[in-house]
>>> print(open('final.cif').read())   # mmCIF, C-alpha atoms
data_model
#
loop_
_atom_site.group_PDB
_atom_site.id
_atom_site.type_symbol
_atom_site.label_atom_id
_atom_site.label_comp_id
_atom_site.auth_asym_id
_atom_site.auth_seq_id
_atom_site.Cartn_x
_atom_site.Cartn_y
_atom_site.Cartn_z
ATOM 1 C CA MET A 1 -121.123 64.245 37.233
ATOM 2 C CA LYS A 2 -123.564 61.468 36.669
ATOM 3 C CA ILE A 3 -123.254 58.144 38.110
ATOM 4 C CA ASN A 4 -124.684 55.248 36.197
ATOM 5 C CA LEU A 5 -125.796 52.498 38.496
ATOM 6 C CA LEU A 6 -127.033 50.139 35.832
ATOM 7 C CA PRO A 7 -125.066 47.008 35.148
ATOM 8 C CA GLU A 8 -122.817 47.302 32.183
ATOM 9 C CA GLU A 9 -124.848 45.163 29.828
ATOM 10 C CA TYR A 10 -127.824 47.464 30.344
ATOM 11 C CA ARG A 11 -126.000 50.669 30.061
ATOM 12 C CA PRO A 12 -126.664 52.680 26.868
ATOM 13 C CA VAL A 13 -123.902 52.558 24.314
ATOM 14 C CA PRO A 14 -122.547 55.847 23.173
ATOM 15 C CA SER A 15 -124.291 56.720 19.909
ATOM 16 C CA LEU A 16 -121.150 57.934 18.198
ATOM 17 C CA ASN A 17 -118.754 55.168 17.276
ATOM 18 C CA PHE A 18 -115.717 55.812 15.038
ATOM 19 C CA PHE A 19 -116.416 52.854 12.750
ATOM 20 C CA ARG A 20 -120.042 53.842 12.399
ATOM 21 C CA LEU A 21 -119.041 57.358 11.573
ATOM 22 C CA LEU A 22 -116.521 56.120 9.015
ATOM 23 C CA PHE A 23 -119.132 53.802 7.467
ATOM 24 C CA LEU A 24 -121.679 56.618 7.343
ATOM 25 C CA LEU A 25 -119.238 59.017 5.679
ATOM 26 C CA THR A 26 -118.098 56.386 3.162
ATOM 27 C CA SER A 27 -121.599 55.315 2.207
ATOM 28 C CA SER A 28 -122.874 58.897 1.904
ATOM 29 C CA SER A 29 -119.875 59.904 -0.239
ATOM 30 C CA LEU A 30 -120.436 56.849 -2.471
ATOM 31 C CA PHE A 31 -124.110 57.751 -2.798
ATOM 32 C CA PHE A 32 -123.177 61.345 -3.692
ATOM 33 C CA LEU A 33 -120.627 60.165 -6.256
ATOM 34 C CA PHE A 34 -123.203 57.774 -7.737
ATOM 35 C CA ALA A 35 -125.716 60.648 -7.966
ATOM 36 C CA LEU A 36 -123.107 62.827 -9.736
ATOM 37 C CA PHE A 37 -122.290 59.976 -12.117
ATOM 38 C CA MET A 38 -125.986 59.534 -12.935
ATOM 39 C CA VAL A 39 -126.367 63.271 -13.638
ATOM 40 C CA GLN A 40 -123.331 63.190 -15.911
ATOM 41 C CA GLN A 41 -124.711 60.147 -17.750
ATOM 42 C CA TRP A 42 -128.032 61.932 -18.199
ATOM 43 C CA TYR A 43 -126.236 64.860 -19.860
ATOM 44 C CA VAL A 44 -124.255 62.491 -22.071
ATOM 45 C CA LEU A 45 -127.474 60.711 -23.049
ATOM 46 C CA ASN A 46 -129.136 64.013 -23.953
ATOM 47 C CA SER A 47 -126.139 65.094 -26.048
ATOM 48 C CA VAL A 48 -126.153 61.732 -27.854
ATOM 49 C CA LYS A 49 -129.874 62.139 -28.530
ATOM 50 C CA THR A 50 -129.334 65.604 -30.031
ATOM 51 C CA ASN A 51 -126.433 64.301 -32.146
ATOM 52 C CA VAL A 52 -128.546 61.417 -33.440
ATOM 53 C CA LYS A 53 -131.368 63.834 -34.219
ATOM 54 C CA GLN A 54 -128.988 66.104 -36.173
ATOM 55 C CA ILE A 55 -127.559 63.117 -38.061
ATOM 56 C CA ASN A 56 -131.053 61.937 -38.977
ATOM 57 C CA GLU A 57 -131.934 65.425 -40.230
ATOM 58 C CA GLN A 58 -128.757 65.469 -42.346
ATOM 59 C CA LEU A 59 -129.531 62.012 -43.706
ATOM 60 C CA GLU A 60 -132.997 63.164 -44.711
ATOM 61 C CA PHE A 61 -131.544 66.296 -46.309
ATOM 62 C CA TYR A 62 -128.785 64.488 -48.198
ATOM 63 C CA GLY A 63 -130.842 61.368 -48.888
ATOM 64 C CA GLN A 64 -132.515 62.868 -51.960
ATOM 65 C CA SER A 65 -129.172 64.120 -53.266
ATOM 66 C CA TYR A 66 -127.730 60.653 -52.736
ATOM 67 C CA GLN A 67 -130.611 59.157 -54.707
ATOM 68 C CA ASN A 68 -129.947 61.652 -57.511
ATOM 69 C CA VAL A 69 -126.233 60.833 -57.513
ATOM 70 C CA LYS A 70 -126.988 57.100 -57.669
ATOM 71 C CA ALA A 71 -129.377 57.689 -60.580
ATOM 72 C CA VAL A 72 -126.754 59.752 -62.431
ATOM 73 C CA GLU A 73 -124.093 57.108 -61.787
ATOM 74 C CA SER A 74 -126.351 54.355 -63.116
ATOM 75 C CA MET A 75 -127.102 56.451 -66.221
ATOM 76 C CA GLN A 76 -123.374 57.048 -66.637
ATOM 77 C CA ILE A 77 -122.723 53.295 -66.494
ATOM 78 C CA ILE A 78 -125.424 52.715 -69.117
ATOM 79 C CA LEU A 79 -123.953 55.449 -71.332
ATOM 80 C CA ARG A 80 -120.473 53.915 -71.033
ATOM 81 C CA GLN A 81 -121.879 50.531 -72.018
ATOM 82 C CA LYS A 82 -123.630 52.061 -75.022
ATOM 83 C CA GLU A 83 -120.483 54.006 -75.935
ATOM 84 C CA ASN A 84 -118.467 50.779 -75.812
ATOM 85 C CA GLU A 85 -121.110 49.077 -77.966
ATOM 86 C CA VAL A 86 -120.976 51.924 -80.508
ATOM 87 C CA LYS A 87 -117.170 51.780 -80.499
ATOM 88 C CA ARG A 88 -117.282 48.017 -80.996
ATOM 89 C CA LEU A 89 -119.681 48.426 -83.902
ATOM 90 C CA THR A 90 -117.779 51.293 -85.513
ATOM 91 C CA ASP A 91 -114.392 49.566 -85.208
ATOM 92 C CA GLY A 92 -115.574 47.169 -87.888
ATOM 93 C CA PHE A 93 -117.136 49.980 -89.895
ATOM 94 C CA LEU A 94 -115.293 51.112 -92.951
ATOM 95 C CA PRO A 95 -115.549 54.816 -93.834
ATOM 96 C CA ILE A 96 -116.435 54.457 -97.491
ATOM 97 C CA GLU A 97 -115.802 58.124 -98.213
ATOM 98 C CA ALA A 98 -112.112 57.776 -97.308
ATOM 99 C CA VAL A 99 -111.811 54.638 -99.458
ATOM 100 C CA ILE A 100 -113.483 56.302 -102.446
ATOM 101 C CA ASN A 101 -111.433 59.495 -102.108
ATOM 102 C CA GLU A 102 -108.144 57.611 -101.853
ATOM 103 C CA SER A 103 -109.076 55.314 -104.739
ATOM 104 C CA ALA A 104 -110.062 58.296 -106.875
ATOM 105 C CA ARG A 105 -106.802 60.064 -106.033
ATOM 106 C CA LEU A 106 -104.819 57.040 -107.230
ATOM 107 C CA VAL A 107 -106.573 56.742 -110.629
ATOM 108 C CA PRO A 108 -104.129 57.728 -113.381
ATOM 109 C CA ASP A 109 -105.065 59.510 -116.595
ATOM 110 C CA ARG A 110 -106.634 57.460 -119.357
ATOM 111 C CA LEU A 111 -108.181 54.950 -116.884
ATOM 112 C CA TRP A 112 -111.773 54.773 -115.578
ATOM 113 C CA PHE A 113 -113.844 52.533 -113.359
ATOM 114 C CA ASN A 114 -117.018 50.812 -114.540
ATOM 115 C CA LEU A 115 -117.736 49.089 -111.220
ATOM 116 C CA PHE A 116 -116.510 49.932 -107.724
ATOM 117 C CA VAL A 117 -117.622 47.642 -104.846
ATOM 118 C CA VAL A 118 -116.511 47.563 -101.206
ATOM 119 C CA ASP A 119 -117.693 44.410 -99.443
ATOM 120 C CA GLU A 120 -118.135 43.599 -95.739
ATOM 121 C CA LYS A 121 -114.654 42.056 -95.575
ATOM 122 C CA ASN A 122 -113.109 45.462 -96.418
ATOM 123 C CA GLN A 123 -112.143 44.303 -99.885
ATOM 124 C CA VAL A 124 -112.470 46.616 -102.861
ATOM 125 C CA ASN A 125 -113.399 45.069 -106.206
ATOM 126 C CA ILE A 126 -112.990 47.205 -109.300
ATOM 127 C CA MET A 127 -113.836 46.615 -112.904
ATOM 128 C CA GLY A 128 -112.589 49.244 -115.287
ATOM 129 C CA GLN A 129 -111.092 50.122 -118.650
ATOM 130 C CA SER A 130 -108.020 51.850 -119.970
ATOM 131 C CA ASP A 131 -106.464 52.455 -123.340
ATOM 132 C CA ARG A 132 -102.977 52.003 -121.900
ATOM 133 C CA MET A 133 -101.523 49.008 -120.169
ATOM 134 C CA THR A 134 -99.118 51.283 -118.260
ATOM 135 C CA ALA A 135 -102.038 53.107 -116.633
ATOM 136 C CA ILE A 136 -103.268 49.800 -115.141
ATOM 137 C CA ALA A 137 -99.731 48.966 -113.936
ATOM 138 C CA ASN A 138 -99.352 52.441 -112.400
ATOM 139 C CA LEU A 139 -102.671 52.001 -110.572
ATOM 140 C CA LEU A 140 -101.491 48.671 -109.119
ATOM 141 C CA MET A 141 -98.208 50.191 -107.923
ATOM 142 C CA ASP A 142 -99.968 53.230 -106.411
ATOM 143 C CA ILE A 143 -102.394 50.963 -104.537
ATOM 144 C CA GLU A 144 -99.524 48.924 -103.118
ATOM 145 C CA ASN A 145 -97.686 52.084 -102.040
ATOM 146 C CA SER A 146 -100.771 53.591 -100.413
ATOM 147 C CA SER A 147 -100.965 53.459 -96.605
ATOM 148 C CA LEU A 148 -104.719 52.826 -96.816
ATOM 149 C CA PHE A 149 -104.665 49.822 -99.134
ATOM 150 C CA ALA A 150 -102.810 46.526 -99.223
ATOM 151 C CA LYS A 151 -102.597 43.310 -101.224
ATOM 152 C CA ALA A 152 -103.534 44.640 -104.630
ATOM 153 C CA GLU A 153 -104.233 41.803 -107.016
ATOM 154 C CA LEU A 154 -104.978 42.013 -110.710
ATOM 155 C CA GLN A 155 -107.552 39.300 -111.275
ATOM 156 C CA SER A 156 -107.943 39.621 -115.019
ATOM 157 C CA ILE A 157 -107.105 41.800 -117.972
ATOM 158 C CA THR A 158 -108.593 41.428 -121.435
ATOM 159 C CA ASP A 159 -108.011 43.174 -124.708
ATOM 160 C CA GLN A 160 -111.178 44.668 -126.159
ATOM 161 C CA SER A 161 -110.158 46.196 -129.428
ATOM 162 C CA GLU A 162 -112.817 47.948 -131.453
ATOM 163 C CA ALA A 163 -110.577 48.451 -134.409
ATOM 164 C CA ASP A 164 -106.897 48.225 -135.174
ATOM 165 C CA THR A 165 -106.406 51.912 -134.406
ATOM 166 C CA SER A 166 -107.753 51.947 -130.819
ATOM 167 C CA LYS A 167 -106.792 49.575 -128.058
ATOM 168 C CA LEU A 168 -109.019 49.153 -125.024
ATOM 169 C CA TYR A 169 -108.193 46.949 -122.045
ATOM 170 C CA ASN A 170 -110.785 45.674 -119.544
ATOM 171 C CA PHE A 171 -109.401 44.827 -116.131
ATOM 172 C CA LYS A 172 -110.603 43.398 -112.879
ATOM 173 C CA LEU A 173 -108.761 44.376 -109.707
ATOM 174 C CA MET A 174 -109.104 43.545 -106.002
ATOM 175 C CA TYR A 175 -107.365 45.020 -102.955
ATOM 176 C CA ASN A 176 -107.843 45.195 -99.174
ATOM 177 C CA VAL A 177 -108.428 48.239 -97.014
ATOM 178 C CA GLU A 178 -106.124 48.519 -94.007
ATOM 179 C CA LYS A 179 -107.940 49.828 -90.896
ATOM 180 C CA ALA A 180 -104.835 51.620 -89.624
ATOM 181 C CA GLY A 181 -104.906 53.897 -92.632
ATOM 182 C CA VAL A 182 -108.626 54.533 -92.168
ATOM 183 C CA ALA A 183 -108.110 55.404 -88.501
ATOM 184 C CA ASN A 184 -105.495 57.983 -89.473
ATOM 185 C CA GLY A 185 -108.022 59.635 -91.754
ATOM 186 C CA GLN A 186 -106.147 58.907 -94.938
#
>>> encode(input="final.cif", output="structure tokens")
Amino acid sequence: MKINLLPEEYRPVPSLNFFRLLFLLTSSSLFFLFALFMVQQWYVLNSVKTNVKQINEQLEFYGQSYQNVKAVESMQIILRQKENEVKRLTDGFLPIEAVINESARLVPDRLWFNLFVVDEKNQVNIMGQSDRMTAIANLLMDIENSSLFAKAELQSITDQSEADTSKLYNFKLMYNVEKAGVANGQ
């Protein structure tokens, strides 16, 4: 046994104190946990960097395709605009062939046209001749009954007799073309 003869204030303090030991353990465990957290954050940062790199590579790869798609979409918009413009222009267009065919189909025997004009207002003006008044009347009735034409109007009719034996009638006729009939292909 050792006897310490020094006064108490000069005596050495035991180096191991419970509170010091507790403080040392707590601070070292906090430092270790902080070091583990920093390592984990480093791995997360590296994984984020690789993900960003992959995304950038994909953007570069798909960027040209995206440009091509945008170009095709803009061309498609232009084509739709031009298609609408063509449709707008052709809606007012009158297919003359259908008008002529239907008019020719309605012409009765013993009647002929001298002048056949379709104007921009979709009106048909006809000057013609017939040796029978009934043929002109039948033409007017057939025009009125046609689904392609409407508002037939006899503007004038004159008697042009060459001799007493032959009668010849000159007539002038006007009627409208209905677009619904033209659209149905009649």
>>> atom_distance(input="final.cif", atom1="atom CA of Val44 of chain A", atom2="atom CA of Phe61 of chain A")
25.6 Å
>>> closest_residue(input="final.cif", among="A:Asn176, A:Ala135, A:Val99, A:Leu36", to="Ala150 of chain A", atoms="all atoms listed in the file")
A:Asn176
>>> atom_distance(input="final.cif", atom1="atom CA of Ile100 of chain A", atom2="atom CA of Ser146 of chain A")
13.2 Å
>>> atom_distance(input="final.cif", atom1="atom CA of Ile126 of chain A", atom2="atom CA of Phe113 of chain A")
6.8 Å
>>> closest_residue(input="final.cif", among="A:Ser161, A:Ser147, A:Asn101, A:Gln123", to="Tyr175 of chain A", atoms="all atoms listed in the file")
A:Gln123
>>> closest_residue(input="final.cif", among="A:Ala35, A:Val177, A:Thr90, A:Glu8", to="Glu144 of chain A", atoms="only C-alpha atoms")
A:Val177
>>> closest_residue(input="final.cif", among="A:Ser166, A:Gln129, A:Asn46, A:Ser27", to="Trp112 of chain A", atoms="all atoms listed in the file")
A:Gln129
>>> closest_residue(input="final.cif", among="A:Leu45, A:Leu148, A:Ala71, A:Met133", to="Pro95 of chain A", atoms="all atoms listed in the file")
A:Leu148
>>> residues_near_point(input="final.cif", point="(-112.4, 35.3, -111.7)", cutoff="9 Å", atoms="all atoms listed in the file", output="PyMOL selection string")
chain A and resi 155-156+172
>>> closest_residue(input="final.cif", among="A:Val86, A:Ile143, A:Val69, A:Val118", to="Glu102 of chain A", atoms="all atoms listed in the file")
A:Ile143
>>> decode(input="final.cif", residues="segment 10-60 of chain A", atoms="N, CA and C atoms", output="short mmCIF file (atom, residue, chain, number, x, y, z; two decimals), in the first residue's frame")
data_model
loop_
_atom_site.label_atom_id
_atom_site.label_comp_id
_atom_site.auth_asym_id
_atom_site.auth_seq_id
_atom_site.Cartn_x
_atom_site.Cartn_y
_atom_site.Cartn_z
N TYR A 10 -2.87 18.99 -3.77
CA TYR A 10 -1.76 18.69 -4.65
C TYR A 10 -1.74 17.24 -5.08
N ARG A 11 -2.60 16.52 -4.61
CA ARG A 11 -2.62 15.10 -4.96
C ARG A 11 -3.08 14.94 -6.41
N PRO A 12 -2.56 14.01 -7.16
CA PRO A 12 -3.01 13.78 -8.53
C PRO A 12 -4.43 13.22 -8.54
N VAL A 13 -5.16 13.66 -9.50
CA VAL A 13 -6.56 13.23 -9.64
C VAL A 13 -6.54 11.94 -10.46
N PRO A 14 -7.39 11.04 -10.11
CA PRO A 14 -7.40 9.82 -10.91
C PRO A 14 -7.74 10.18 -12.37
N SER A 15 -7.04 9.60 -13.29
CA SER A 15 -7.19 9.94 -14.71
C SER A 15 -8.51 9.44 -15.30
N LEU A 16 -9.10 8.46 -14.74
CA LEU A 16 -10.34 7.92 -15.25
C LEU A 16 -11.50 8.40 -14.39
N ASN A 17 -12.31 9.29 -15.07
CA ASN A 17 -13.51 9.80 -14.42
C ASN A 17 -14.68 9.29 -15.26
N PHE A 18 -15.79 8.96 -14.63
CA PHE A 18 -16.95 8.40 -15.33
C PHE A 18 -17.51 9.39 -16.35
N PHE A 19 -17.62 10.64 -15.98
CA PHE A 19 -18.17 11.65 -16.90
C PHE A 19 -17.25 11.89 -18.08
N ARG A 20 -15.94 11.85 -17.81
CA ARG A 20 -14.99 11.99 -18.91
C ARG A 20 -15.08 10.81 -19.85
N LEU A 21 -15.20 9.65 -19.28
CA LEU A 21 -15.32 8.45 -20.10
C LEU A 21 -16.61 8.49 -20.93
N LEU A 22 -17.69 8.90 -20.32
CA LEU A 22 -18.96 9.02 -21.04
C LEU A 22 -18.85 10.07 -22.15
N PHE A 23 -18.23 11.19 -21.86
CA PHE A 23 -18.04 12.24 -22.88
C PHE A 23 -17.17 11.74 -24.03
N LEU A 24 -16.11 11.02 -23.70
CA LEU A 24 -15.21 10.48 -24.71
C LEU A 24 -15.93 9.48 -25.60
N LEU A 25 -16.70 8.58 -25.00
CA LEU A 25 -17.44 7.59 -25.78
C LEU A 25 -18.50 8.26 -26.67
N THR A 26 -19.20 9.24 -26.14
CA THR A 26 -20.24 9.93 -26.90
C THR A 26 -19.63 10.70 -28.06
N SER A 27 -18.57 11.44 -27.80
CA SER A 27 -17.97 12.22 -28.89
C SER A 27 -17.34 11.32 -29.95
N SER A 28 -16.70 10.23 -29.55
CA SER A 28 -16.11 9.33 -30.55
C SER A 28 -17.20 8.62 -31.35
N SER A 29 -18.31 8.24 -30.71
CA SER A 29 -19.39 7.60 -31.48
C SER A 29 -20.03 8.60 -32.43
N LEU A 30 -20.19 9.86 -32.02
CA LEU A 30 -20.72 10.88 -32.92
C LEU A 30 -19.78 11.12 -34.10
N PHE A 31 -18.49 11.15 -33.83
CA PHE A 31 -17.51 11.32 -34.91
C PHE A 31 -17.59 10.14 -35.88
N PHE A 32 -17.71 8.92 -35.36
CA PHE A 32 -17.80 7.74 -36.21
C PHE A 32 -19.08 7.76 -37.04
N LEU A 33 -20.19 8.15 -36.41
CA LEU A 33 -21.45 8.25 -37.15
C LEU A 33 -21.36 9.33 -38.23
N PHE A 34 -20.72 10.45 -37.91
CA PHE A 34 -20.55 11.51 -38.91
C PHE A 34 -19.69 11.01 -40.08
N ALA A 35 -18.64 10.26 -39.77
CA ALA A 35 -17.78 9.70 -40.83
C ALA A 35 -18.58 8.73 -41.69
N LEU A 36 -19.42 7.89 -41.10
CA LEU A 36 -20.26 6.97 -41.87
C LEU A 36 -21.26 7.73 -42.75
N PHE A 37 -21.84 8.78 -42.17
CA PHE A 37 -22.77 9.61 -42.94
C PHE A 37 -22.08 10.25 -44.14
N MET A 38 -20.87 10.75 -43.95
CA MET A 38 -20.12 11.36 -45.04
C MET A 38 -19.78 10.34 -46.12
N VAL A 39 -19.45 9.13 -45.75
CA VAL A 39 -19.16 8.07 -46.73
C VAL A 39 -20.43 7.74 -47.51
N GLN A 40 -21.54 7.65 -46.81
CA GLN A 40 -22.81 7.35 -47.50
C GLN A 40 -23.17 8.48 -48.45
N GLN A 41 -22.98 9.73 -48.05
CA GLN A 41 -23.26 10.86 -48.93
C GLN A 41 -22.34 10.87 -50.14
N TRP A 42 -21.12 10.45 -49.97
CA TRP A 42 -20.18 10.36 -51.10
C TRP A 42 -20.68 9.35 -52.13
N TYR A 43 -21.18 8.20 -51.64
CA TYR A 43 -21.73 7.20 -52.56
C TYR A 43 -22.99 7.72 -53.26
N VAL A 44 -23.82 8.40 -52.53
CA VAL A 44 -25.03 8.97 -53.13
C VAL A 44 -24.64 10.00 -54.19
N LEU A 45 -23.66 10.83 -53.89
CA LEU A 45 -23.20 11.83 -54.85
C LEU A 45 -22.65 11.17 -56.11
N ASN A 46 -21.89 10.12 -55.95
CA ASN A 46 -21.36 9.40 -57.13
C ASN A 46 -22.47 8.76 -57.94
N SER A 47 -23.49 8.20 -57.29
CA SER A 47 -24.59 7.60 -58.03
C SER A 47 -25.40 8.67 -58.76
N VAL A 48 -25.57 9.84 -58.15
CA VAL A 48 -26.27 10.94 -58.81
C VAL A 48 -25.47 11.41 -60.02
N LYS A 49 -24.16 11.48 -59.86
CA LYS A 49 -23.31 11.89 -61.00
C LYS A 49 -23.44 10.91 -62.16
N THR A 50 -23.44 9.61 -61.87
CA THR A 50 -23.57 8.62 -62.96
C THR A 50 -24.96 8.71 -63.59
N ASN A 51 -26.00 8.94 -62.77
CA ASN A 51 -27.35 9.08 -63.34
C ASN A 51 -27.45 10.31 -64.23
N VAL A 52 -26.87 11.41 -63.80
CA VAL A 52 -26.88 12.63 -64.62
C VAL A 52 -26.12 12.41 -65.92
N LYS A 53 -25.00 11.70 -65.83
CA LYS A 53 -24.22 11.41 -67.03
C LYS A 53 -25.03 10.55 -68.02
N GLN A 54 -25.73 9.54 -67.50
CA GLN A 54 -26.56 8.69 -68.36
C GLN A 54 -27.70 9.50 -68.98
N ILE A 55 -28.31 10.37 -68.19
CA ILE A 55 -29.41 11.20 -68.71
C ILE A 55 -28.90 12.12 -69.81
N ASN A 56 -27.74 12.72 -69.61
CA ASN A 56 -27.16 13.58 -70.64
C ASN A 56 -26.86 12.81 -71.92
N GLU A 57 -26.34 11.58 -71.77
CA GLU A 57 -26.09 10.75 -72.95
C GLU A 57 -27.40 10.44 -73.68
N GLN A 58 -28.46 10.14 -72.92
CA GLN A 58 -29.76 9.86 -73.55
C GLN A 58 -30.31 11.10 -74.23
N LEU A 59 -30.14 12.26 -73.59
CA LEU A 59 -30.61 13.50 -74.21
C LEU A 59 -29.88 13.77 -75.52
N GLU A 60 -28.58 13.52 -75.54
CA GLU A 60 -27.83 13.70 -76.78
C GLU A 60 -28.30 12.72 -77.84
#
